[in-house]
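Structure record follows, encoded as structure tokens.
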Amino acid sequence: MAELKKIVYKEFDERLMVGVHYHTSFFEAGNVWKSYFESDKIDYLKKLSEFTSCEDIDENDGIGMMFNFQDTNTFELILGDFMKVNTPVPHELHTKHIPSGTVACIQIEGNNIAEIVDSAFLLITEAIEKNDKEIDFDHFYWCEVYTKQRYSIPLSRGEKVVIDYILPVKSKLKE
């Protein structure tokens, strides 16, 4: 069973999510990632490395940002990287503005990706609510960060893996 390993709150500076844009579903997301890694779009992102804005997250092999959920299954997805606001983005890539604000950074460990993804929303919402915070649905997005240290390297060794999640939060309104 997946387990929440860590939750911290950070103030994120304004940034862009830059990458390849998809309209997809939870059922198709794995195929979308596969398509992304098999494409040449990663090369476009590497050319923008001087504009990367990931100093506040760990080194990673990929970030997936989900947003504009039409229902519990259908959403938009950008696979790519966080970039500075003034990044000259080539037409082959898509951007999504991320305003500055408080985010929850959560690490969830499991035996495999499916186990983590199946439990993530429940584990995350429970942890946020225990800390007098709530998800900021007015600015909602959901990022999965596949760090080298906690995901890629353990995966290559057949060990448990951790997916890092980032989503906007705000202080819970007192009633």
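Labeling convention for the structure tokens: chains A, B, ... as they appear, residues from 1 per chain, ligands from 1 in order of appearance.
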
Spatial neighbours of region 121-125 of chain A, 12 Å, only C-alpha atoms, chain gap at least 5 places, as a ChimeraX atom specification:
/A:1-8,72,104-109,115-116,130-136,142-144,163-169

As number ranges by chain, please: the residues near Thr24 (chain A) (cut-off 8 Å, only C-alpha atoms, same-chain neighbours under 5 positions excluded).
A: 29, 32, 74-77

Spatial neighbours of region 45-50 of chain A, max dist 12 Å, only C-alpha atoms, sep filter under 3 positions, as JSON, numbers by chain
{"A": [17, 18, 19, 20, 36, 37, 39, 40, 41, 42, 53, 54, 55, 61, 62, 63, 79, 80, 81, 82, 83, 84, 86, 87, 88, 89, 90, 91, 92, 93, 94, 95]}

Would you mind writing down, as a count of residues only, each residue of chain A that DSSP on the backbone assigns to alpha helix (DSSP H)?
39

Got a sec: who's within 10 Å of Lys160 (chain A), counting only C-alpha atoms, leaving out chain neighbours fewer than 6 positions off, as an NGL selection string?
:A and (2 or 109-113 or 150-151 or 154)

Can I get the selection written as a compact mmCIF listing (two decimals), in the first residue's frame, with N, CA, C and O atoms?
```txt
# COMPACT_ATOMS: atom_id res chain seq x y z
N ALA A 2 0.47 2.27 -0.74
CA ALA A 2 1.22 3.53 -0.81
C ALA A 2 1.16 4.25 0.53
O ALA A 2 0.21 4.10 1.29
N GLU A 109 5.28 7.16 -1.33
CA GLU A 109 6.08 5.98 -1.65
C GLU A 109 5.17 4.78 -1.87
O GLU A 109 4.15 4.61 -1.21
N GLY A 110 5.56 3.95 -2.84
CA GLY A 110 4.83 2.72 -3.09
C GLY A 110 5.70 1.70 -3.79
O GLY A 110 6.84 1.99 -4.18
N ASN A 111 5.15 0.53 -3.97
CA ASN A 111 5.89 -0.53 -4.66
C ASN A 111 6.01 -0.26 -6.15
O ASN A 111 6.95 -0.74 -6.80
N ASN A 112 5.06 0.49 -6.71
CA ASN A 112 5.08 0.81 -8.14
C ASN A 112 4.22 2.05 -8.39
O ASN A 112 3.52 2.51 -7.49
N ILE A 113 4.28 2.54 -9.60
CA ILE A 113 3.55 3.76 -9.94
C ILE A 113 2.05 3.60 -9.79
O ILE A 113 1.37 4.50 -9.30
N ARG A 150 14.53 9.78 -5.92
CA ARG A 150 13.46 9.02 -5.27
C ARG A 150 12.64 8.16 -6.23
O ARG A 150 11.91 7.28 -5.79
N TYR A 151 12.74 8.43 -7.54
CA TYR A 151 11.96 7.63 -8.48
C TYR A 151 12.84 6.85 -9.46
O TYR A 151 12.83 5.62 -9.45
N PRO A 154 15.72 4.37 -7.76
CA PRO A 154 15.11 3.18 -7.11
C PRO A 154 14.39 2.27 -8.11
O PRO A 154 14.45 1.04 -7.98
```
